[in-house]
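*Asks:* Input file: protein_14.csv. Contents: CSV, C-alpha atoms.
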chain,number,residue,atom,x,y,z
M,20,MET,CA,0.0,0.0,0.0
M,21,GLY,CA,1.3,3.4,-0.9
M,22,PHE,CA,0.0,6.9,-0.4
M,23,GLY,CA,1.7,10.0,-1.7
M,24,PRO,CA,1.6,13.0,-4.1
M,25,MET,CA,0.3,11.9,-7.5
M,26,HIS,CA,3.0,10.9,-10.1
M,27,THR,CA,5.7,10.4,-7.5
M,28,ASP,CA,7.2,7.3,-5.7
M,29,ALA,CA,6.8,9.0,-2.4
M,30,ASN,CA,5.1,7.0,0.4
M,31,LEU,CA,3.7,9.0,3.3
M,32,LEU,CA,2.5,6.0,5.3
M,33,ASP,CA,4.4,3.6,7.4
M,34,GLU,CA,3.2,0.0,7.5
M,35,PRO,CA,-0.6,0.5,7.3
M,36,VAL,CA,-3.1,-2.0,8.8
M,37,VAL,CA,-5.5,-3.2,6.1
M,38,TYR,CA,-8.7,-5.1,6.9
M,39,ALA,CA,-10.2,-7.5,4.4
M,40,ASP,CA,-13.6,-9.3,4.5
M,41,ALA,CA,-14.6,-12.7,3.1
M,42,ASN,CA,-15.7,-11.0,-0.1
M,43,GLY,CA,-12.3,-9.5,-0.8
M,44,HIS,CA,-13.3,-6.0,0.1
M,45,TYR,CA,-10.8,-4.1,2.1
M,46,SER,CA,-10.5,-0.9,4.1
M,47,MET,CA,-7.6,0.9,5.8
M,48,PRO,CA,-8.0,3.7,8.4
M,49,ILE,CA,-5.4,6.4,8.0
M,50,THR,CA,-4.7,9.7,9.8
M,51,LEU,CA,-3.2,12.5,7.8
M,52,GLY,CA,-1.2,15.2,9.6
M,53,ALA,CA,-2.6,18.7,9.9
M,54,ASP,CA,0.5,19.9,8.0
M,55,LEU,CA,-0.2,17.9,4.9
M,56,ALA,CA,-0.2,20.3,2.0
M,57,PRO,CA,-3.5,20.5,0.0
M,58,GLY,CA,-3.3,18.7,-3.3
M,59,THR,CA,-4.0,15.5,-5.2
M,60,TYR,CA,-2.7,12.4,-3.6
M,61,GLY,CA,-2.9,8.8,-4.7
M,62,PHE,CA,-3.2,5.3,-3.2
M,63,MET,CA,-1.8,2.3,-4.9
M,64,VAL,CA,-2.7,-1.2,-3.6
M,65,VAL,CA,-0.9,-4.3,-4.9
M,66,ALA,CA,-2.2,-7.8,-4.6
M,67,MET,CA,0.4,-10.4,-3.6
M,68,PRO,CA,2.2,-12.0,-5.2
M,69,PHE,CA,3.1,-8.8,-7.0
M,70,SER,CA,2.0,-8.4,-10.6
M,71,GLU,CA,1.2,-5.3,-12.7
M,72,ALA,CA,-2.3,-6.7,-13.2
M,73,GLY,CA,-2.7,-6.8,-9.4
M,74,LYS,CA,-2.3,-3.0,-9.0
M,75,ARG,CA,-5.3,-0.9,-8.1
M,76,PHE,CA,-5.3,3.0,-7.9
M,77,ALA,CA,-7.4,5.7,-6.3
M,78,THR,CA,-7.0,9.4,-5.8
M,79,VAL,CA,-7.8,11.6,-2.8
M,80,GLU,CA,-8.1,15.4,-3.0
M,81,VAL,CA,-6.8,17.0,0.2
M,82,VAL,CA,-8.2,20.5,0.8
M,83,ALA,CA,-7.3,23.3,3.3
M,84,PRO,CA,-9.6,23.4,6.4
M,85,THR,CA,-12.4,25.9,6.2
M,86,GLY,CA,-13.2,28.5,8.8
M,87,GLU,CA,-9.7,29.2,9.9
Please express the file's structure as C-alpha cells.

*Replies:*
Amino acid sequence: MGFGPMHTDANLLDEPVVYADANGHYSMPITLGADLAPGTYGFMVVAMPFSEAGKRFATVEVVAPTGE
C-alpha cells in the first residue's frame, strides 16, 4: 500500500493496517497530519504475489480546512 503525491514514488504512510472481509473488500483507516499540503494524492494497492495486473489505484483530494 502506498500513499503519496500523484505521479511520485513518495510514500507518506508507514506499514498500514489493512482489513479485508470474506468477499475481498478491504479498508484501511489512516490519519493525515494537519501539516499535509493541499493537493491531489494517490493510493496504490498491490495484490500479492506482485504483478502489474494486481495493482489498483485511487485518488484523494486534500483541501485546506475551512473557517480558519

*Asks:* Near range 39-50 of chain M, within 12 Å and counting all atoms listed in the file, which residues show up once chain neighbours fewer than 5 positions away are dropped, as a compact mmCIF listing (two decimals) with C-alpha atoms, keeping the file's coordinate frame?

*Replies:*
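Writing done, so here's selection.txt:
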# COMPACT_ATOMS: atom_id res chain seq x y z
CA MET M 20 0.00 0.00 0.00
CA GLY M 21 1.30 3.40 -0.90
CA PHE M 22 0.00 6.90 -0.40
CA LEU M 31 3.70 9.00 3.30
CA LEU M 32 2.50 6.00 5.30
CA ASP M 33 4.40 3.60 7.40
CA GLU M 34 3.20 0.00 7.50
CA LEU M 55 -0.20 17.90 4.90
CA PHE M 62 -3.20 5.30 -3.20
CA VAL M 64 -2.70 -1.20 -3.60
CA ALA M 66 -2.20 -7.80 -4.60

*Asks:* Just how far from CA of Pro84 in chain M is CA of Thr59 in chain M, in Å to one decimal?

*Replies:* 15.1 Å

*Asks:* Restricting the calculation to all atoms listed in the file, which member of M:Met25, M:Val65, M:Val81, M:Val37 is positioned closest to Ala53 in chain M?

*Replies:*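 Under the stated criterion, the closest residue is M:Val81.
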
*Asks:* How many Å lie between CA of Glu80 in chain M and CA of Pro57 in chain M, rounded to one decimal?

*Replies:*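 CA of Pro57 in chain M lies 7.5 Å from CA of Glu80 in chain M.
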
*Asks:* Rounded to one decimal, what separation in Å do you get between CA of Gly23 in chain M and CA of Gly73 in chain M?

*Replies:* 19.0 Å

*Asks:* Looking at M:Gly52, M:Pro35, M:Pro24, M:Gly61, which one is nearest to Val79 in chain M, with distances taken over only C-alpha atoms?

*Replies:* M:Gly61

*Asks:* Please list, as a list in words, the residues that have an atom at most 6 Å away from (-5.3, 4.1, -5.6) in the coordinates of this file, counting all atoms listed in the file.

*Replies:*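 Output: Gly61, Phe62, Met63, Arg75, Phe76, Ala77 and Thr78 of chain M.
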
*Asks:* Deliver the residues from the most recent selection as a file, using C-alpha atoms, as a compact mmCIF listing (two decimals), in the frame of the given file.

*Replies:*
# COMPACT_ATOMS: atom_id res chain seq x y z
CA GLY M 61 -2.90 8.80 -4.70
CA PHE M 62 -3.20 5.30 -3.20
CA MET M 63 -1.80 2.30 -4.90
CA ARG M 75 -5.30 -0.90 -8.10
CA PHE M 76 -5.30 3.00 -7.90
CA ALA M 77 -7.40 5.70 -6.30
CA THR M 78 -7.00 9.40 -5.80
